[in-house]
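Asker: As input, take start_19.csv (CSV, N, CA and C atoms):
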```
chain,number,residue,atom,x,y,z
K,1,MET,N,-4.7,2.9,-41.7
K,1,MET,CA,-4.0,3.4,-40.6
K,1,MET,C,-3.7,4.8,-40.7
K,2,ARG,N,-3.3,5.2,-42.0
K,2,ARG,CA,-2.9,6.6,-42.2
K,2,ARG,C,-4.1,7.5,-42.0
K,3,MET,N,-5.3,7.1,-42.4
K,3,MET,CA,-6.4,7.9,-42.2
K,3,MET,C,-6.7,8.1,-40.7
K,4,ILE,N,-6.6,7.1,-39.9
K,4,ILE,CA,-6.8,7.3,-38.5
K,4,ILE,C,-5.9,8.3,-37.9
K,5,ILE,N,-4.6,8.2,-38.2
K,5,ILE,CA,-3.6,9.1,-37.7
K,5,ILE,C,-3.9,10.5,-38.2
K,6,PHE,N,-4.3,10.7,-39.5
K,6,PHE,CA,-4.6,12.0,-40.0
K,6,PHE,C,-5.8,12.6,-39.2
K,7,PHE,N,-6.9,11.9,-39.1
K,7,PHE,CA,-8.0,12.4,-38.4
K,7,PHE,C,-7.8,12.6,-36.9
K,8,CYS,N,-7.0,11.8,-36.3
K,8,CYS,CA,-6.6,12.0,-34.9
K,8,CYS,C,-5.8,13.3,-34.7
K,9,THR,N,-4.9,13.6,-35.7
K,9,THR,CA,-4.1,14.8,-35.7
K,9,THR,C,-5.0,16.0,-35.8
K,10,ILE,N,-6.0,15.9,-36.8
K,10,ILE,CA,-6.9,17.0,-37.0
K,10,ILE,C,-7.7,17.3,-35.7
K,11,THR,N,-8.2,16.3,-35.1
K,11,THR,CA,-9.0,16.4,-33.9
K,11,THR,C,-8.2,17.0,-32.8
K,12,VAL,N,-7.0,16.5,-32.6
K,12,VAL,CA,-6.2,17.1,-31.5
K,12,VAL,C,-5.9,18.5,-31.8
K,13,LEU,N,-5.6,18.9,-33.0
K,13,LEU,CA,-5.4,20.3,-33.4
K,13,LEU,C,-6.6,21.1,-33.1
K,14,ALA,N,-7.8,20.6,-33.4
K,14,ALA,CA,-9.0,21.3,-33.0
K,14,ALA,C,-9.2,21.5,-31.5
K,15,LEU,N,-8.8,20.5,-30.8
K,15,LEU,CA,-8.9,20.7,-29.3
K,15,LEU,C,-7.9,21.7,-28.8
K,16,VAL,N,-6.7,21.7,-29.4
K,16,VAL,CA,-5.7,22.7,-29.0
K,16,VAL,C,-6.2,24.1,-29.3
K,17,GLY,N,-6.8,24.2,-30.5
K,17,GLY,CA,-7.4,25.5,-30.9
K,17,GLY,C,-8.5,26.0,-29.9
K,18,ILE,N,-9.3,25.1,-29.5
K,18,ILE,CA,-10.3,25.4,-28.5
K,18,ILE,C,-9.7,25.9,-27.2
K,19,ILE,N,-8.6,25.2,-26.7
K,19,ILE,CA,-7.9,25.7,-25.5
K,19,ILE,C,-7.3,27.0,-25.7
K,20,LEU,N,-6.7,27.3,-26.9
K,20,LEU,CA,-6.1,28.6,-27.1
K,20,LEU,C,-7.1,29.7,-27.2
K,21,LEU,N,-8.3,29.4,-27.8
K,21,LEU,CA,-9.4,30.4,-27.8
K,21,LEU,C,-9.9,30.7,-26.4
K,22,LEU,N,-9.9,29.7,-25.6
K,22,LEU,CA,-10.4,29.8,-24.2
K,22,LEU,C,-9.3,30.6,-23.4
K,23,ARG,N,-8.1,30.3,-23.6
K,23,ARG,CA,-7.0,31.1,-22.8
K,23,ARG,C,-7.0,32.5,-23.2
K,24,SER,N,-7.2,32.8,-24.5
K,24,SER,CA,-7.1,34.2,-25.0
K,24,SER,C,-8.4,35.0,-24.6
K,25,GLY,N,-9.4,34.3,-24.1
K,25,GLY,CA,-10.7,35.0,-23.7
K,25,GLY,C,-11.6,35.2,-24.9
K,26,ARG,N,-11.4,34.6,-26.0
K,26,ARG,CA,-12.3,34.8,-27.2
K,26,ARG,C,-13.4,33.8,-27.1
K,27,LEU,N,-13.3,32.8,-26.3
K,27,LEU,CA,-14.3,31.8,-26.2
K,27,LEU,C,-14.6,31.6,-24.7
K,28,LYS,N,-15.9,31.7,-24.3
K,28,LYS,CA,-16.3,31.5,-22.9
K,28,LYS,C,-16.2,30.1,-22.5
K,29,GLU,N,-16.1,29.9,-21.2
K,29,GLU,CA,-16.0,28.5,-20.7
K,29,GLU,C,-17.1,27.6,-21.0
K,30,LYS,N,-18.4,28.1,-20.9
K,30,LYS,CA,-19.5,27.3,-21.2
K,30,LYS,C,-19.6,26.8,-22.6
K,31,TYR,N,-19.1,27.5,-23.5
K,31,TYR,CA,-19.0,27.1,-24.9
K,31,TYR,C,-17.8,26.2,-25.1
K,32,ALA,N,-16.7,26.5,-24.5
K,32,ALA,CA,-15.5,25.7,-24.6
K,32,ALA,C,-15.7,24.3,-24.1
K,33,ILE,N,-16.5,24.1,-23.1
K,33,ILE,CA,-16.8,22.8,-22.6
K,33,ILE,C,-17.6,22.0,-23.6
K,34,LEU,N,-18.6,22.6,-24.2
K,34,LEU,CA,-19.3,22.0,-25.3
K,34,LEU,C,-18.4,21.5,-26.4
K,35,TRP,N,-17.6,22.4,-26.9
K,35,TRP,CA,-16.7,22.0,-28.0
K,35,TRP,C,-15.7,21.0,-27.6
K,36,ALA,N,-15.2,21.1,-26.4
K,36,ALA,CA,-14.2,20.1,-25.9
K,36,ALA,C,-14.9,18.7,-25.9
K,37,VAL,N,-16.1,18.6,-25.4
K,37,VAL,CA,-16.8,17.3,-25.4
K,37,VAL,C,-17.0,16.8,-26.8
K,38,VAL,N,-17.4,17.7,-27.7
K,38,VAL,CA,-17.6,17.3,-29.1
K,38,VAL,C,-16.2,16.8,-29.7
K,39,GLY,N,-15.2,17.5,-29.4
K,39,GLY,CA,-13.8,17.1,-29.9
K,39,GLY,C,-13.4,15.8,-29.3
K,40,LEU,N,-13.6,15.6,-28.0
K,40,LEU,CA,-13.3,14.3,-27.4
K,40,LEU,C,-14.1,13.1,-28.0
K,41,LEU,N,-15.4,13.4,-28.2
K,41,LEU,CA,-16.2,12.3,-28.9
K,41,LEU,C,-15.7,12.0,-30.3
K,42,CYS,N,-15.3,13.0,-31.0
K,42,CYS,CA,-14.7,12.8,-32.3
K,42,CYS,C,-13.4,12.0,-32.2
K,43,LEU,N,-12.6,12.4,-31.3
K,43,LEU,CA,-11.4,11.6,-31.1
K,43,LEU,C,-11.6,10.2,-30.8
K,44,ILE,N,-12.6,9.9,-29.9
K,44,ILE,CA,-13.0,8.5,-29.6
K,44,ILE,C,-13.4,7.8,-30.8
K,45,LEU,N,-14.3,8.4,-31.6
K,45,LEU,CA,-14.8,7.8,-32.8
K,45,LEU,C,-13.7,7.6,-33.9
K,46,VAL,N,-12.8,8.5,-33.9
K,46,VAL,CA,-11.7,8.3,-34.9
K,46,VAL,C,-10.7,7.2,-34.4
K,47,ALA,N,-10.4,7.2,-33.1
K,47,ALA,CA,-9.5,6.2,-32.6
K,47,ALA,C,-10.1,4.8,-32.6
K,48,PHE,N,-11.5,4.7,-32.3
K,48,PHE,CA,-12.2,3.4,-32.3
K,48,PHE,C,-13.3,3.5,-33.2
K,49,PRO,N,-13.1,3.2,-34.5
K,49,PRO,CA,-14.2,3.3,-35.5
K,49,PRO,C,-15.3,2.3,-35.3
K,50,ARG,N,-15.0,1.2,-34.6
K,50,ARG,CA,-16.0,0.2,-34.4
K,50,ARG,C,-17.0,0.6,-33.3
K,51,ALA,N,-16.7,1.6,-32.5
K,51,ALA,CA,-17.6,2.2,-31.5
K,51,ALA,C,-18.9,2.7,-32.2
K,52,LEU,N,-18.7,3.4,-33.3
K,52,LEU,CA,-19.9,3.9,-34.0
K,52,LEU,C,-20.8,2.8,-34.5
K,53,SER,N,-20.2,1.7,-35.1
K,53,SER,CA,-20.9,0.6,-35.5
K,53,SER,C,-21.7,-0.1,-34.4
K,54,TRP,N,-21.0,-0.3,-33.3
K,54,TRP,CA,-21.6,-0.9,-32.1
K,54,TRP,C,-22.8,0.0,-31.6
K,55,SER,N,-22.6,1.3,-31.5
K,55,SER,CA,-23.6,2.2,-31.1
K,55,SER,C,-24.8,2.2,-32.0
K,56,ALA,N,-24.6,2.1,-33.3
K,56,ALA,CA,-25.7,2.1,-34.3
K,56,ALA,C,-26.4,0.8,-34.1
K,57,SER,N,-25.8,-0.3,-34.0
K,57,SER,CA,-26.5,-1.6,-33.8
K,57,SER,C,-27.2,-1.6,-32.5
K,58,LEU,N,-26.7,-1.0,-31.5
K,58,LEU,CA,-27.4,-0.9,-30.2
K,58,LEU,C,-28.7,-0.2,-30.3
K,59,VAL,N,-28.7,0.9,-31.0
K,59,VAL,CA,-29.9,1.8,-31.2
K,59,VAL,C,-30.8,1.2,-32.2
K,60,GLY,N,-30.3,0.3,-33.1
K,60,GLY,CA,-31.2,-0.3,-34.1
K,60,GLY,C,-31.1,0.4,-35.5
K,61,ILE,N,-30.0,1.1,-35.7
K,61,ILE,CA,-29.8,1.8,-37.0
K,61,ILE,C,-28.8,1.0,-37.8
K,62,ALA,N,-29.2,0.7,-39.1
K,62,ALA,CA,-28.5,-0.2,-39.9
K,62,ALA,C,-27.2,0.3,-40.4
K,63,VAL,N,-27.2,1.6,-40.8
K,63,VAL,CA,-26.0,2.2,-41.3
K,63,VAL,C,-25.4,3.2,-40.3
K,64,PRO,N,-24.1,2.9,-39.8
K,64,PRO,CA,-23.5,3.7,-38.7
K,64,PRO,C,-23.4,5.2,-39.1
K,65,SER,N,-23.2,5.5,-40.3
K,65,SER,CA,-23.1,7.0,-40.7
K,65,SER,C,-24.4,7.7,-40.5
K,66,ASN,N,-25.6,7.0,-40.6
K,66,ASN,CA,-26.9,7.6,-40.3
K,66,ASN,C,-27.0,8.0,-38.9
K,67,LEU,N,-26.4,7.2,-38.0
K,67,LEU,CA,-26.4,7.6,-36.5
K,67,LEU,C,-25.5,8.8,-36.3
K,68,LEU,N,-24.4,8.9,-37.0
K,68,LEU,CA,-23.5,10.0,-36.9
K,68,LEU,C,-24.2,11.3,-37.4
K,69,PHE,N,-24.9,11.2,-38.5
K,69,PHE,CA,-25.6,12.4,-39.1
K,69,PHE,C,-26.8,12.8,-38.1
K,70,ALA,N,-27.5,11.8,-37.6
K,70,ALA,CA,-28.6,12.1,-36.6
K,70,ALA,C,-28.0,12.8,-35.4
K,71,LEU,N,-26.9,12.3,-34.9
K,71,LEU,CA,-26.3,13.0,-33.7
K,71,LEU,C,-25.8,14.4,-34.0
K,72,ALA,N,-25.2,14.5,-35.2
K,72,ALA,CA,-24.8,15.9,-35.6
K,72,ALA,C,-25.9,16.8,-35.7
K,73,ILE,N,-27.0,16.4,-36.3
K,73,ILE,CA,-28.2,17.3,-36.4
K,73,ILE,C,-28.8,17.6,-35.1
K,74,LEU,N,-28.8,16.7,-34.2
K,74,LEU,CA,-29.3,17.0,-32.8
K,74,LEU,C,-28.4,18.0,-32.1
K,75,LEU,N,-27.1,17.8,-32.3
K,75,LEU,CA,-26.1,18.7,-31.7
K,75,LEU,C,-26.3,20.1,-32.2
K,76,LEU,N,-26.5,20.2,-33.5
K,76,LEU,CA,-26.6,21.5,-34.1
K,76,LEU,C,-27.9,22.2,-33.7
K,77,LEU,N,-29.0,21.4,-33.5
K,77,LEU,CA,-30.2,22.0,-33.0
K,77,LEU,C,-30.1,22.4,-31.6
K,78,ALA,N,-29.4,21.7,-30.8
K,78,ALA,CA,-29.1,22.1,-29.4
K,78,ALA,C,-28.3,23.4,-29.3
K,79,ILE,N,-27.3,23.5,-30.2
K,79,ILE,CA,-26.5,24.7,-30.2
K,79,ILE,C,-27.4,25.9,-30.7
K,80,CYS,N,-28.2,25.7,-31.7
K,80,CYS,CA,-29.1,26.8,-32.1
K,80,CYS,C,-30.1,27.2,-31.0
K,81,LEU,N,-30.6,26.3,-30.2
K,81,LEU,CA,-31.4,26.6,-29.1
K,81,LEU,C,-30.7,27.4,-28.1
K,82,GLN,N,-29.5,27.0,-27.7
K,82,GLN,CA,-28.7,27.7,-26.7
K,82,GLN,C,-28.4,29.1,-27.2
K,83,LEU,N,-28.0,29.3,-28.4
K,83,LEU,CA,-27.7,30.6,-28.9
K,83,LEU,C,-28.9,31.5,-29.0
K,84,SER,N,-30.1,30.9,-29.3
K,84,SER,CA,-31.3,31.7,-29.3
K,84,SER,C,-31.6,32.2,-27.9
K,85,LEU,N,-31.4,31.3,-26.9
K,85,LEU,CA,-31.6,31.8,-25.5
K,85,LEU,C,-30.7,32.9,-25.1
K,86,GLU,N,-29.4,32.8,-25.6
K,86,GLU,CA,-28.4,33.8,-25.3
K,86,GLU,C,-28.8,35.1,-25.9
K,87,ILE,N,-29.3,35.1,-27.2
K,87,ILE,CA,-29.7,36.3,-27.9
K,87,ILE,C,-30.9,36.9,-27.2
K,88,SER,N,-31.8,36.1,-26.8
K,88,SER,CA,-33.0,36.7,-26.1
K,88,SER,C,-32.6,37.4,-24.9
K,89,GLY,N,-31.7,36.8,-24.1
K,89,GLY,CA,-31.3,37.5,-22.9
K,89,GLY,C,-30.5,38.8,-23.2
K,90,GLN,N,-29.7,38.8,-24.2
K,90,GLN,CA,-29.0,40.0,-24.6
K,90,GLN,C,-29.9,41.1,-25.1
K,91,GLU,N,-31.0,40.7,-25.9
K,91,GLU,CA,-31.9,41.7,-26.3
K,91,GLU,C,-32.6,42.4,-25.2
K,92,GLU,N,-33.0,41.6,-24.1
K,92,GLU,CA,-33.6,42.2,-23.0
K,92,GLU,C,-32.7,43.2,-22.3
K,93,LYS,N,-31.4,42.9,-22.2
K,93,LYS,CA,-30.4,43.8,-21.6
K,93,LYS,C,-30.2,45.0,-22.4
K,94,VAL,N,-30.2,44.9,-23.7
K,94,VAL,CA,-30.0,46.1,-24.6
K,94,VAL,C,-31.3,47.0,-24.5
K,95,ARG,N,-32.5,46.4,-24.4
K,95,ARG,CA,-33.7,47.2,-24.3
K,95,ARG,C,-33.7,48.0,-23.0
K,96,ARG,N,-33.3,47.3,-21.9
K,96,ARG,CA,-33.2,48.0,-20.6
K,96,ARG,C,-32.2,49.1,-20.6
K,97,LEU,N,-31.1,48.9,-21.2
K,97,LEU,CA,-30.0,49.9,-21.3
K,97,LEU,C,-30.5,51.1,-22.1
K,98,ALA,N,-31.2,50.8,-23.2
K,98,ALA,CA,-31.7,51.9,-24.1
K,98,ALA,C,-32.7,52.7,-23.3
K,99,GLU,N,-33.6,52.1,-22.5
K,99,GLU,CA,-34.5,52.8,-21.7
K,99,GLU,C,-33.8,53.7,-20.7
K,100,GLU,N,-32.8,53.2,-20.0
K,100,GLU,CA,-32.1,54.0,-19.1
K,100,GLU,C,-31.4,55.2,-19.7
K,101,VAL,N,-30.8,55.0,-20.9
K,101,VAL,CA,-30.1,56.1,-21.6
K,101,VAL,C,-31.2,57.1,-22.0
K,102,ALA,N,-32.3,56.7,-22.5
K,102,ALA,CA,-33.4,57.7,-22.8
K,102,ALA,C,-33.8,58.5,-21.6
K,103,ILE,N,-34.0,57.8,-20.5
K,103,ILE,CA,-34.3,58.6,-19.3
K,103,ILE,C,-33.3,59.6,-18.9
K,104,LEU,N,-32.0,59.2,-18.9
K,104,LEU,CA,-30.9,60.1,-18.6
K,104,LEU,C,-30.9,61.2,-19.6
K,105,ARG,N,-31.0,61.0,-20.9
K,105,ARG,CA,-31.0,62.0,-21.9
K,105,ARG,C,-32.1,63.0,-21.7
K,106,ALA,N,-33.3,62.5,-21.4
K,106,ALA,CA,-34.5,63.4,-21.1
K,106,ALA,C,-34.2,64.2,-19.9
K,107,GLN,N,-33.6,63.7,-18.9
K,107,GLN,CA,-33.3,64.5,-17.6
K,107,GLN,C,-32.3,65.6,-17.9
K,108,ILE,N,-31.3,65.3,-18.7
K,108,ILE,CA,-30.3,66.3,-19.1
K,108,ILE,C,-30.9,67.4,-19.9
K,109,GLU,N,-31.7,67.0,-20.9
K,109,GLU,CA,-32.3,68.0,-21.8
K,109,GLU,C,-33.3,68.9,-21.1
K,110,ASN,N,-34.0,68.3,-20.1
K,110,ASN,CA,-35.0,69.1,-19.4
K,110,ASN,C,-34.4,70.0,-18.3
K,111,GLY,N,-33.1,69.9,-18.1
K,111,GLY,CA,-32.4,70.7,-17.1
K,111,GLY,C,-32.5,70.1,-15.7
K,112,HIS,N,-32.9,68.9,-15.5
K,112,HIS,CA,-33.0,68.3,-14.2
K,112,HIS,C,-31.7,67.7,-13.7
K,113,GLY,N,-30.7,67.7,-14.5
K,113,GLY,CA,-29.5,67.2,-14.0
K,113,GLY,C,-28.4,67.5,-15.0
K,114,ARG,N,-27.2,67.3,-14.5
K,114,ARG,CA,-26.0,67.5,-15.4
K,114,ARG,C,-25.3,66.2,-15.7
K,115,PRO,N,-24.6,66.1,-16.8
K,115,PRO,CA,-24.0,64.8,-17.1
K,115,PRO,C,-23.0,64.3,-16.1
K,116,ASP,N,-22.4,65.2,-15.3
K,116,ASP,CA,-21.3,64.8,-14.4
K,116,ASP,C,-21.9,64.4,-13.0
K,117,GLU,N,-23.2,64.5,-12.8
K,117,GLU,CA,-23.8,64.1,-11.5
K,117,GLU,C,-23.9,62.6,-11.5
K,118,ASP,N,-23.9,62.1,-10.2
K,118,ASP,CA,-23.9,60.6,-10.0
K,118,ASP,C,-25.3,60.1,-10.4
K,119,ARG,N,-25.4,59.1,-11.2
K,119,ARG,CA,-26.7,58.5,-11.7
K,119,ARG,C,-26.8,57.1,-11.1
K,120,SER,N,-26.3,56.8,-10.0
K,120,SER,CA,-26.3,55.5,-9.5
K,120,SER,C,-27.7,55.0,-9.1
K,121,GLU,N,-28.6,56.0,-8.8
K,121,GLU,CA,-30.0,55.6,-8.4
K,121,GLU,C,-30.8,55.1,-9.7
K,122,VAL,N,-30.4,55.6,-10.8
K,122,VAL,CA,-31.0,55.1,-12.1
K,122,VAL,C,-30.5,53.8,-12.6
K,123,ILE,N,-29.2,53.6,-12.4
K,123,ILE,CA,-28.5,52.5,-13.0
K,123,ILE,C,-28.2,51.4,-11.9
K,124,GLU,N,-29.0,51.2,-11.0
K,124,GLU,CA,-28.8,50.3,-9.9
K,124,GLU,C,-29.1,48.8,-10.4
K,125,ARG,N,-29.6,48.6,-11.5
K,125,ARG,CA,-30.0,47.3,-12.0
K,125,ARG,C,-28.7,46.5,-12.2
```
Mind turning this structure into structure tokens?
Answerer:
Amino acid sequence: MRMIIFFCTITVLALVGIILLLRSGRLKEKYAILWAVVGLLCLILVAFPRALSWSASLVGIAVPSNLLFALAILLLLAICLQLSLEISGQEEKVRRLAEEVAILRAQIENGHGRPDEDRSEVIER
């Protein structure tokens, strides 16, 4: 019983930490939802340990911890895929911004413009 109370406390503290990170703006909503779902699933598994055994037998896995490890690996792979997609999008934005800066710098160096002029036609993206 002590172990269940201990792990429930740890899970609740993790969920509170997620909420605090979300409120402070250090964690975006789309990631907070993912971590909140993971935290709630952990809370359910800690509060009802037989749920993992039932799920494992339902799927046909003999050892419940193997199901837990498989789900954890799938979750980590999904997170890696999501973060890879985010990085790809950010790389494209950085490339586009670098091109715009190079164009502006070339215009300034060639005397076609001054730094204080409005450049909204170049930065309309």
Asker: Just to confirm, what's the straight-line distance from atom CA of Met3 of chain K to atom CA of Pro49 of chain K in Å (one decimal)?
Answerer: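 Taking atom CA of Met3 of chain K and atom CA of Pro49 of chain K, their separation equals 11.3 Å.
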Asker: State, in Å with one decimal place, the distance from atom CA of Leu74 of chain K to atom CA of Ala32 of chain K.
Answerer: 18.3 Å
Asker: So how many Å separate atom CA of Thr9 of chain K and atom CA of Ala47 of chain K, to one decimal?
Answerer: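 The value is 10.6 Å.
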Asker: Can you tell me, as a VMD selection string, which residues in chain K count as alpha helix (DSSP H) by DSSP?
Answerer: chain K and resid 2 to 24 29 to 47 50 to 59 64 to 109
Asker: Using only C-alpha atoms, find the one residue out of K:Arg95, K:Gly39, K:Lys30, K:Ala56 that sits nearest to Ile10 of chain K.
Answerer: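 Ranked by minimum distance to Ile10 of chain K, first place goes to K:Gly39.
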Asker: Compare K:Ala78, K:Leu21, K:Val59, K:Ile5 by their minimum atom-to-atom distance to Val46 of chain K, counting all atoms listed in the file, and give me the closest one.
Answerer: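 So, comparing all the options, the nearest one is K:Ile5.
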Asker: Restricting the calculation to all atoms listed in the file, which member of K:Thr11, K:Ala98, K:Gln90, K:Gln107 is positioned closest to Leu43 of chain K?
Answerer: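 Residue with the minimum atom-to-atom distance to Leu43 of chain K: K:Thr11.
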